[in-house]
$ cat start.cif   # mmCIF, C-alpha atoms
data_protein
loop_
_atom_site.label_atom_id
_atom_site.label_comp_id
_atom_site.auth_asym_id
_atom_site.auth_seq_id
_atom_site.Cartn_x
_atom_site.Cartn_y
_atom_site.Cartn_z
CA MET S 3 26.49 -32.55 -55.95
CA ARG S 4 24.38 -34.69 -53.64
CA PHE S 5 26.14 -36.79 -51.06
CA GLY S 6 25.05 -40.29 -50.16
CA TYR S 7 26.59 -43.11 -48.18
CA TRP S 8 26.38 -46.90 -48.13
CA MET S 9 24.54 -48.18 -45.07
CA PRO S 10 26.80 -50.66 -43.19
CA VAL S 11 24.40 -53.60 -43.51
CA PHE S 12 27.43 -55.96 -43.69
CA GLY S 13 29.18 -54.49 -40.65
CA GLY S 14 31.74 -52.33 -42.50
CA TRP S 15 33.34 -51.97 -45.91
CA LEU S 16 36.91 -53.29 -45.62
CA ARG S 17 37.46 -56.88 -46.67
CA ASN S 18 40.90 -57.03 -45.05
CA ASP S 19 39.89 -55.81 -41.57
CA PRO S 20 37.72 -58.36 -39.76
CA ASP S 21 37.70 -56.23 -36.60
CA GLU S 22 36.66 -53.04 -38.36
CA GLY S 23 33.15 -52.59 -36.96
CA PRO S 24 30.46 -51.49 -36.59
CA ALA S 25 28.48 -54.67 -36.06
CA ALA S 26 25.83 -55.54 -38.62
CA SER S 27 23.00 -54.57 -36.28
CA TRP S 28 19.83 -52.54 -36.26
CA GLU S 29 21.14 -50.39 -33.43
CA ALA S 30 24.26 -49.45 -35.42
CA VAL S 31 22.41 -48.48 -38.59
CA ARG S 32 19.69 -46.64 -36.66
CA ASP S 33 22.19 -44.49 -34.80
CA LEU S 34 24.29 -43.83 -37.91
CA THR S 35 21.24 -42.84 -39.94
CA LEU S 36 19.88 -40.41 -37.40
CA ARG S 37 23.36 -38.89 -37.05
CA SER S 38 23.66 -38.54 -40.83
CA GLU S 39 20.47 -36.50 -41.01
CA GLU S 40 21.84 -34.12 -38.38
CA LYS S 41 25.01 -33.71 -40.45
CA GLY S 42 23.16 -32.96 -43.69
CA TRP S 43 23.68 -36.12 -45.74
CA ASP S 44 21.24 -36.39 -48.65
CA LEU S 45 20.82 -40.11 -49.20
CA THR S 46 21.68 -43.58 -47.98
CA LEU S 47 22.05 -46.66 -50.16
CA ILE S 48 20.86 -49.84 -48.44
CA ALA S 49 22.39 -52.80 -50.27
CA GLU S 50 20.48 -56.06 -50.62
CA LEU S 51 22.41 -59.31 -50.24
CA PHE S 52 21.37 -62.26 -48.10
CA LEU S 53 24.99 -63.41 -47.90
CA ASN S 54 27.74 -61.11 -46.64
CA ASP S 55 29.95 -60.25 -49.62
CA ILE S 56 32.30 -58.04 -47.58
CA LYS S 57 33.11 -59.84 -44.34
CA GLY S 58 32.52 -63.43 -45.52
CA VAL S 59 29.39 -65.36 -46.39
CA THR S 60 28.88 -66.79 -42.90
CA GLU S 61 28.94 -63.36 -41.24
CA PRO S 62 25.71 -61.48 -40.40
CA ALA S 63 24.05 -59.27 -43.00
CA LEU S 64 20.96 -57.15 -42.39
CA ASP S 65 17.85 -57.51 -44.55
CA ALA S 66 17.50 -54.43 -46.74
CA TRP S 67 13.74 -53.97 -46.90
CA SER S 68 12.76 -54.51 -43.27
CA THR S 69 15.63 -52.18 -42.35
CA ALA S 70 14.33 -49.59 -44.83
CA ALA S 71 10.81 -49.80 -43.39
CA ALA S 72 12.13 -49.20 -39.88
CA LEU S 73 14.29 -46.27 -41.02
CA ALA S 74 11.39 -44.77 -42.98
CA ALA S 75 9.49 -44.38 -39.72
CA ILE S 76 12.22 -42.59 -37.76
CA THR S 77 13.86 -40.33 -40.37
CA ARG S 78 12.57 -37.07 -41.81
CA SER S 79 14.71 -35.91 -44.73
CA LEU S 80 17.05 -38.68 -45.92
CA GLU S 81 16.35 -40.30 -49.29
CA LEU S 82 16.28 -44.08 -48.78
CA MET S 83 17.71 -45.77 -51.88
CA VAL S 84 17.07 -49.46 -51.31
CA ALA S 85 18.53 -52.17 -53.54
CA VAL S 86 16.08 -54.68 -54.99
CA ARG S 87 16.77 -57.76 -57.10
CA PRO S 88 13.87 -58.74 -59.36
CA ASN S 89 14.47 -62.50 -59.05
CA PHE S 90 14.12 -62.18 -55.26
CA HIS S 91 10.81 -60.24 -55.30
CA HIS S 92 7.55 -60.86 -57.16
CA PRO S 93 6.79 -57.46 -58.75
CA ALA S 94 3.11 -57.20 -57.75
CA LEU S 95 3.76 -58.06 -54.12
CA PHE S 96 6.81 -55.82 -54.08
CA ALA S 97 4.87 -52.87 -55.55
CA LYS S 98 2.41 -53.09 -52.65
CA GLN S 99 5.09 -53.36 -49.96
CA ALA S 100 7.27 -50.59 -51.41
CA ALA S 101 4.31 -48.24 -51.81
CA ASN S 102 3.57 -48.68 -48.12
CA ILE S 103 7.19 -47.98 -47.13
CA ASP S 104 7.17 -44.87 -49.34
CA ARG S 105 4.02 -43.67 -47.56
CA ILE S 106 5.64 -44.25 -44.17
CA SER S 107 8.64 -42.17 -45.28
CA GLY S 108 6.54 -39.36 -46.74
CA GLY S 109 7.78 -39.95 -50.28
CA ARG S 110 11.49 -40.54 -49.66
CA LEU S 111 11.83 -44.08 -51.03
CA ALA S 112 14.00 -44.79 -54.08
CA LEU S 113 14.93 -48.08 -55.74
CA ASN S 114 18.35 -49.34 -56.76
CA VAL S 115 17.38 -52.10 -59.18
CA VAL S 116 20.09 -54.76 -59.38
CA SER S 117 19.86 -57.52 -61.99
CA SER S 118 21.38 -60.21 -59.75
CA TRP S 119 24.99 -61.23 -60.26
CA TRP S 120 25.60 -63.83 -57.51
CA LYS S 121 24.59 -67.28 -58.71
CA GLU S 122 25.63 -69.10 -55.52
CA GLU S 123 23.40 -66.91 -53.39
CA ALA S 124 20.34 -67.37 -55.60
CA GLU S 125 20.83 -71.13 -55.67
CA GLN S 126 21.18 -71.32 -51.87
CA TYR S 127 17.78 -69.68 -51.54
CA GLY S 128 16.16 -71.78 -54.27
CA LEU S 129 15.65 -68.88 -56.66
CA THR S 130 15.93 -68.61 -60.42
CA PHE S 131 19.24 -67.29 -61.71
CA ASP S 132 19.05 -66.14 -65.33
CA GLN S 133 21.87 -65.84 -67.81
CA HIS S 134 23.21 -62.32 -68.39
CA ASP S 135 20.89 -60.82 -71.02
CA ASP S 136 17.93 -62.80 -69.65
CA ARG S 137 18.44 -61.05 -66.32
CA TYR S 138 17.79 -57.71 -67.99
CA ALA S 139 14.79 -59.08 -69.85
CA ARG S 140 13.38 -60.13 -66.47
CA THR S 141 14.13 -56.72 -65.01
CA ALA S 142 12.36 -54.98 -67.91
CA GLU S 143 9.17 -56.97 -67.27
CA TRP S 144 9.51 -56.53 -63.52
CA LEU S 145 9.80 -52.76 -63.81
CA SER S 146 6.81 -52.64 -66.17
CA VAL S 147 4.65 -54.43 -63.60
CA VAL S 148 5.82 -52.32 -60.66
CA ASP S 149 5.40 -49.04 -62.52
CA GLY S 150 2.01 -50.05 -63.87
CA LEU S 151 0.71 -50.90 -60.42
CA TRP S 152 2.06 -47.65 -59.01
CA THR S 153 0.47 -45.47 -61.70
CA GLU S 154 -2.78 -47.15 -62.82
CA LYS S 155 -5.97 -47.83 -60.85
CA ARG S 156 -6.07 -51.41 -62.12
CA PHE S 157 -3.26 -53.04 -64.03
CA SER S 158 -2.89 -56.16 -66.15
CA PHE S 159 0.27 -57.58 -67.67
CA ALA S 160 1.09 -60.76 -69.57
CA GLY S 161 4.79 -61.37 -70.16
CA GLU S 162 7.14 -64.33 -70.40
CA ARG S 163 7.91 -64.26 -66.67
CA TYR S 164 5.10 -62.34 -64.95
CA ARG S 165 1.32 -62.13 -65.27
CA VAL S 166 -1.08 -59.96 -63.30
CA THR S 167 -4.80 -59.41 -63.95
CA ASP S 168 -6.71 -56.30 -62.90
CA ALA S 169 -4.39 -55.95 -59.92
CA ILE S 170 -4.77 -53.06 -57.49
CA VAL S 171 -2.17 -51.28 -55.41
CA SER S 172 -3.78 -48.78 -53.07
CA PRO S 173 -2.65 -46.53 -51.56
CA LYS S 174 -0.15 -45.57 -54.21
CA PRO S 175 3.30 -44.24 -53.26
CA ALA S 176 3.27 -40.67 -51.97
CA LYS S 177 5.33 -39.94 -55.09
CA ARG S 178 6.72 -42.30 -57.71
CA PRO S 179 10.06 -43.51 -56.28
CA THR S 180 13.15 -42.67 -58.31
CA VAL S 181 14.54 -45.78 -60.01
CA TYR S 182 18.35 -46.03 -60.02
CA ALA S 183 20.22 -48.82 -61.81
CA GLY S 184 23.71 -49.66 -62.97
CA GLY S 185 25.41 -51.91 -65.49
CA GLU S 186 28.08 -51.73 -68.16
CA SER S 187 26.77 -54.12 -70.81
CA ASP S 188 24.75 -52.97 -73.80
CA ALA S 189 21.71 -54.86 -72.47
CA ALA S 190 21.94 -53.04 -69.15
CA LYS S 191 22.39 -49.60 -70.65
CA THR S 192 19.51 -50.10 -73.09
CA LEU S 193 17.17 -51.10 -70.27
CA ILE S 194 18.26 -48.25 -67.99
CA ALA S 195 17.89 -45.61 -70.72
CA ARG S 196 14.35 -46.78 -71.43
CA GLN S 197 12.94 -47.54 -67.99
CA CYS S 198 15.00 -45.95 -65.20
CA ASP S 199 15.55 -42.43 -63.89
CA ALA S 200 19.19 -42.53 -62.86
CA TYR S 201 22.38 -44.35 -63.87
CA VAL S 202 24.79 -45.38 -61.13
CA MET S 203 28.37 -46.46 -61.80
CA HIS S 204 31.23 -48.18 -60.05
CA GLY S 205 34.14 -45.89 -59.22
CA ASP S 206 36.38 -44.71 -62.04
CA PRO S 207 38.58 -41.72 -62.87
CA VAL S 208 36.94 -38.63 -64.35
CA GLU S 209 38.23 -39.41 -67.83
CA ALA S 210 36.53 -42.81 -67.74
CA VAL S 211 33.23 -41.58 -66.29
CA ALA S 212 32.75 -38.69 -68.74
CA PRO S 213 32.18 -40.87 -71.83
CA LYS S 214 29.82 -43.14 -69.85
CA ILE S 215 27.64 -40.17 -68.94
CA ALA S 216 27.72 -38.91 -72.53
CA ASP S 217 26.77 -42.34 -73.84
CA MET S 218 23.85 -42.71 -71.44
CA ALA S 219 22.65 -39.18 -72.19
CA ARG S 220 22.61 -40.06 -75.89
CA ARG S 221 20.75 -43.33 -75.26
CA ARG S 222 18.24 -41.52 -73.07
CA SER S 223 17.61 -38.87 -75.71
CA GLU S 224 17.07 -41.54 -78.35
CA ALA S 225 14.62 -43.31 -76.03
CA GLY S 226 12.65 -40.06 -75.68
CA GLY S 227 13.00 -39.75 -71.91
CA PRO S 228 13.76 -36.74 -69.71
CA PRO S 229 17.35 -36.08 -68.58
CA MET S 230 18.78 -38.70 -66.24
CA GLN S 231 20.61 -38.38 -62.95
CA TYR S 232 24.12 -39.83 -62.65
CA GLY S 233 25.73 -41.32 -59.55
CA MET S 234 29.02 -43.06 -58.74
CA ALA S 235 30.38 -45.19 -55.91
CA ALA S 236 33.61 -44.12 -54.24
CA TYR S 237 35.67 -44.64 -51.11
CA VAL S 238 36.83 -41.43 -49.46
CA ILE S 239 39.77 -40.65 -47.17
CA VAL S 240 40.08 -37.09 -45.83
CA ARG S 241 43.03 -36.08 -43.68
CA ASP S 242 44.79 -32.84 -42.73
CA THR S 243 47.85 -33.73 -44.84
CA GLU S 244 48.60 -35.77 -47.94
CA ALA S 245 50.98 -37.94 -45.91
CA GLU S 246 48.27 -38.83 -43.40
CA ALA S 247 45.86 -39.70 -46.21
CA ALA S 248 48.47 -41.88 -47.92
CA ALA S 249 49.15 -43.69 -44.64
CA GLU S 250 45.45 -44.44 -44.21
CA LEU S 251 45.24 -45.73 -47.78
CA ALA S 252 48.14 -48.07 -47.05
CA ARG S 253 46.41 -49.28 -43.89
CA ILE S 254 43.10 -50.15 -45.50
CA THR S 255 44.73 -52.02 -48.38
CA ALA S 256 47.29 -53.98 -46.36
CA MET S 257 46.85 -57.75 -46.46
CA PRO S 258 46.97 -59.60 -43.13
CA ALA S 259 49.23 -62.66 -42.92
CA THR S 260 46.10 -64.83 -43.11
CA PRO S 261 43.52 -63.55 -45.61
CA PRO S 262 40.20 -62.92 -43.79
CA PRO S 263 36.88 -64.44 -44.94
CA GLY S 264 36.06 -61.43 -47.12
CA PHE S 265 38.95 -62.43 -49.38
CA ALA S 266 37.33 -65.65 -50.55
CA ASN S 267 39.34 -67.19 -53.40
CA PHE S 268 42.03 -64.55 -52.95
CA ASP S 269 44.67 -66.85 -54.44
CA GLN S 270 43.51 -65.73 -57.89
CA TRP S 271 44.70 -62.21 -57.01
CA LEU S 272 48.23 -63.14 -56.00
CA SER S 273 49.84 -63.54 -59.41
CA GLY S 274 51.76 -60.83 -61.26
CA THR S 275 54.35 -58.23 -60.30
CA GLU S 276 54.49 -56.46 -56.95
CA LEU S 277 52.88 -53.40 -58.56
CA GLU S 278 50.10 -55.56 -60.04
CA ARG S 279 49.55 -57.19 -56.66
CA THR S 280 49.32 -53.78 -54.95
CA LEU S 281 46.75 -52.60 -57.47
CA LYS S 282 44.77 -55.81 -57.06
CA LEU S 283 44.74 -55.37 -53.29
CA GLN S 284 43.38 -51.85 -53.70
CA GLU S 285 40.72 -53.14 -56.08
CA TYR S 286 39.59 -55.97 -53.83
CA SER S 287 40.02 -54.46 -50.35
CA VAL S 288 37.34 -51.88 -51.13
CA SER S 289 34.22 -52.86 -53.09
CA ASN S 290 32.70 -51.25 -56.18
CA ARG S 291 36.07 -49.98 -57.49
CA GLY S 292 35.83 -47.37 -54.76
CA LEU S 293 39.49 -46.29 -54.80
CA ARG S 294 39.68 -45.56 -58.52
CA PRO S 295 38.19 -42.03 -58.20
CA ASN S 296 41.11 -41.13 -55.89
CA LEU S 297 39.07 -39.20 -53.34
CA VAL S 298 42.08 -39.37 -51.04
CA GLY S 299 43.83 -36.33 -49.60
CA THR S 300 43.23 -33.07 -47.80
CA PRO S 301 39.75 -31.49 -47.75
CA GLU S 302 40.85 -29.07 -50.49
CA GLN S 303 42.17 -31.87 -52.70
CA VAL S 304 39.07 -34.03 -52.28
CA ALA S 305 36.75 -31.08 -52.94
CA THR S 306 38.67 -30.19 -56.10
CA ARG S 307 38.33 -33.76 -57.32
CA ILE S 308 34.59 -33.74 -56.62
CA ARG S 309 34.20 -30.52 -58.59
CA GLU S 310 35.85 -32.25 -61.55
CA TYR S 311 33.15 -34.91 -61.44
CA GLU S 312 30.45 -32.25 -61.17
CA ALA S 313 31.80 -30.61 -64.30
CA ILE S 314 31.19 -33.73 -66.40
CA GLY S 315 27.61 -34.15 -65.18
CA LEU S 316 27.88 -36.38 -62.12
CA ASP S 317 25.36 -35.29 -59.48
CA LEU S 318 25.47 -38.00 -56.79
CA LEU S 319 28.32 -39.62 -54.87
CA LEU S 320 27.67 -42.88 -53.01
CA LEU S 321 30.48 -42.97 -50.47
CA GLN S 322 32.08 -45.64 -48.33
CA MET S 323 34.55 -44.92 -45.53
CA SER S 324 35.92 -46.49 -42.35
CA PRO S 325 35.47 -46.26 -39.41
CA GLN S 326 32.18 -45.12 -40.82
CA ALA S 327 30.58 -42.91 -38.17
CA GLU S 328 33.74 -40.93 -37.45
CA GLU S 329 34.69 -40.58 -41.11
CA MET S 330 31.19 -39.53 -42.14
CA ASP S 331 31.32 -36.75 -39.54
CA ARG S 332 34.77 -35.70 -40.76
CA PHE S 333 33.67 -35.60 -44.40
CA ALA S 334 30.47 -33.70 -43.59
CA GLU S 335 32.31 -31.07 -41.56
CA GLN S 336 35.47 -30.68 -43.64
CA VAL S 337 34.24 -31.22 -47.19
CA MET S 338 30.46 -31.37 -47.58
CA ALA S 339 29.48 -28.29 -45.56
CA PRO S 340 32.30 -26.06 -46.90
CA MET S 341 31.48 -27.05 -50.50
CA ARG S 342 27.83 -26.15 -49.99
CA ALA S 343 28.83 -22.85 -48.41
CA GLY S 344 31.16 -22.04 -51.32
CA ARG S 345 34.29 -22.18 -49.15
CA LEU S 346 35.80 -25.14 -51.06
#
$ encode --input "start.cif" --output "structure tokens"
Amino acid sequence: MRFGYWMPVFGGWLRNDPDEGPAASWEAVRDLTLRSEEKGWDLTLIAELFLNDIKGVTEPALDAWSTAAALAAITRSLELMVAVRPNFHHPALFAKQAANIDRISGGRLALNVVSSWWKEEAEQYGLTFDQHDDRYARTAEWLSVVDGLWTEKRFSFAGERYRVTDAIVSPKPAKRPTVYAGGESDAAKTLIARQCDAYVMHGDPVEAVAPKIADMARRRSEAGGPPMQYGMAAYVIVRDTEAEAAAELARITAMPATPPPGFANFDQWLSGTELERTLKLQEYSVSNRGLRPNLVGTPEQVATRIREYEAIGLDLLLLQMSPQAEEMDRFAEQVMAPMRAGRL
């Protein structure tokens, strides 16, 4: 299993804790990233949103690609998986910029291609927002242009959305960046099986993830591609006892008397029974269905759960936690290192 973490470009990952920290600042992500390399983390995912989806849309959010370029220059081993939304980036210009960042990093750049989902954000910035299947049609063309420019001396393309003529990208990337993507619709899965290298999923229990991996493996085989990598988002809580872990889970999913900005339109979540409301709070307090994998408990319990995911073919975890620096150190020391040493 490889272990990755979400870079705190929004200032933290809990929607119900406005004072969580760290600040959405270059200094915070720089220090966290350098610390993560020392602790042996494999990868960081740098999300791309111009509006802050976690702490509220008026709160600061770091730009993904300028942050990635800066981190590429000061890190040595960490894979930098940077989110990119095709409707926000012209593919030919992007291919040039990303190739340069990959060179700066020594071949450690990877893409997390996201076929945009936030209409309000795109409209605020005056960008095209396609309907669902059209978004994946755009992404297919976009990936064809980027890959062509990265692999051919001169490249031409004439599609419905993009056209390039004898375009040159030089220097090329140090190595072709791995392309990760996620999606649960048939259009998304078809695109990913044909044009991407890795499939990333929102958090879910083992029994829900296993058939997804099997389905994508079948699609990939039918498309004639090499085996894919598989990753999943999750929120992790590691404590010395089950009781301490349960108390932390209760803390991070508790709703303040006044819903904070990250709970925009929370009234839609308030209906239903008390049990339903509790489950909804867990779902919304932490993004990307991060609590569904149930990586909550003692180091031994969390490691056992991770091994169950390994057994079904998952090979990358993209973890969130809070407070992030302290919890990343705890996870690295109590779970990650012992698992690698065969002690868990």
$ residues_around --input "start.cif" --residues "Ala26 of chain S" --least-positions-apart "5" --cutoff "8 Å" --atoms "only C-alpha atoms" --output "list in words"
Pro10, Val11, Phe12, Gly13, Gly14, Val31, Pro62, Ala63 and Leu64 of chain S
$ write_last_selection --input "start.cif" --atoms "C-alpha atoms" --output "mmCIF file, keeping the file's coordinate frame"
data_model
loop_
_atom_site.group_PDB
_atom_site.id
_atom_site.type_symbol
_atom_site.label_atom_id
_atom_site.label_comp_id
_atom_site.auth_asym_id
_atom_site.auth_seq_id
_atom_site.Cartn_x
_atom_site.Cartn_y
_atom_site.Cartn_z
ATOM 1 C CA PRO S 10 26.800 -50.660 -43.190
ATOM 2 C CA VAL S 11 24.400 -53.600 -43.510
ATOM 3 C CA PHE S 12 27.430 -55.960 -43.690
ATOM 4 C CA GLY S 13 29.180 -54.490 -40.650
ATOM 5 C CA GLY S 14 31.740 -52.330 -42.500
ATOM 6 C CA VAL S 31 22.410 -48.480 -38.590
ATOM 7 C CA PRO S 62 25.710 -61.480 -40.400
ATOM 8 C CA ALA S 63 24.050 -59.270 -43.000
ATOM 9 C CA LEU S 64 20.960 -57.150 -42.390
#
$ closest_residue --input "start.cif" --among "S:Ile170, S:Cys198, S:Ala327, S:Ala305" --to "Arg342 of chain S" --atoms "all atoms listed in the file"
S:Ala305
$ closest_residue --input "start.cif" --among "S:Ile76, S:Met341, S:Val115, S:Leu16" --to "Leu193 of chain S" --atoms "all atoms listed in the file"
S:Val115
$ resolve_selection --input "start.cif" --expression "the PyMOL selection byres ((chain S and resi 45-54) around 8)" --output "PyMOL selection string"
chain S and resi 4-12+43-44+55-67+70+80-87+123+320
$ closest_residue --input "start.cif" --among "S:Ala210, S:Ile103, S:Ala216, S:Ala169" --to "Phe157 of chain S" --atoms "only C-alpha atoms"
S:Ala169
$ atom_distance --input "start.cif" --atom1 "atom CA of Glu302 of chain S" --atom2 "atom CA of Phe333 of chain S"
11.5 Å
$ closest_residue --input "start.cif" --among "S:Val288, S:Leu318, S:Val147, S:Val238" --to "Pro301 of chain S" --atoms "all atoms listed in the file"
S:Val238
$ resolve_selection --input "start.cif" --expression "the PyMOL selection byres ((chain S and resi 316) around 10)" --output "ChimeraX atom specification"
/S:3-4,201-202,208,211-212,215,231-234,308-315,317-319
$ residues_near_point --input "start.cif" --point "(1.2, -63.5, -60.7)" --cutoff "12 Å" --atoms "all atoms listed in the file" --output "CSV table (one decimal) with C-alpha atoms, in the coordinates of the input"
chain,number,residue,atom,x,y,z
S,91,HIS,CA,10.8,-60.2,-55.3
S,92,HIS,CA,7.6,-60.9,-57.2
S,93,PRO,CA,6.8,-57.5,-58.8
S,94,ALA,CA,3.1,-57.2,-57.8
S,95,LEU,CA,3.8,-58.1,-54.1
S,96,PHE,CA,6.8,-55.8,-54.1
S,144,TRP,CA,9.5,-56.5,-63.5
S,147,VAL,CA,4.6,-54.4,-63.6
S,157,PHE,CA,-3.3,-53.0,-64.0
S,158,SER,CA,-2.9,-56.2,-66.2
S,159,PHE,CA,0.3,-57.6,-67.7
S,160,ALA,CA,1.1,-60.8,-69.6
S,161,GLY,CA,4.8,-61.4,-70.2
S,162,GLU,CA,7.1,-64.3,-70.4
S,163,ARG,CA,7.9,-64.3,-66.7
S,164,TYR,CA,5.1,-62.3,-65.0
S,165,ARG,CA,1.3,-62.1,-65.3
S,166,VAL,CA,-1.1,-60.0,-63.3
S,167,THR,CA,-4.8,-59.4,-64.0
S,168,ASP,CA,-6.7,-56.3,-62.9
S,169,ALA,CA,-4.4,-56.0,-59.9
$ residues_around --input "start.cif" --residues "Ala245 of chain S" --least-positions-apart "5" --cutoff "10 Å" --atoms "all atoms listed in the file" --output "PyMOL selection string"
chain S and resi 250-251+299-300
$ atom_distance --input "start.cif" --atom1 "atom CA of Ala190 of chain S" --atom2 "atom CA of Asn89 of chain S"
15.7 Å
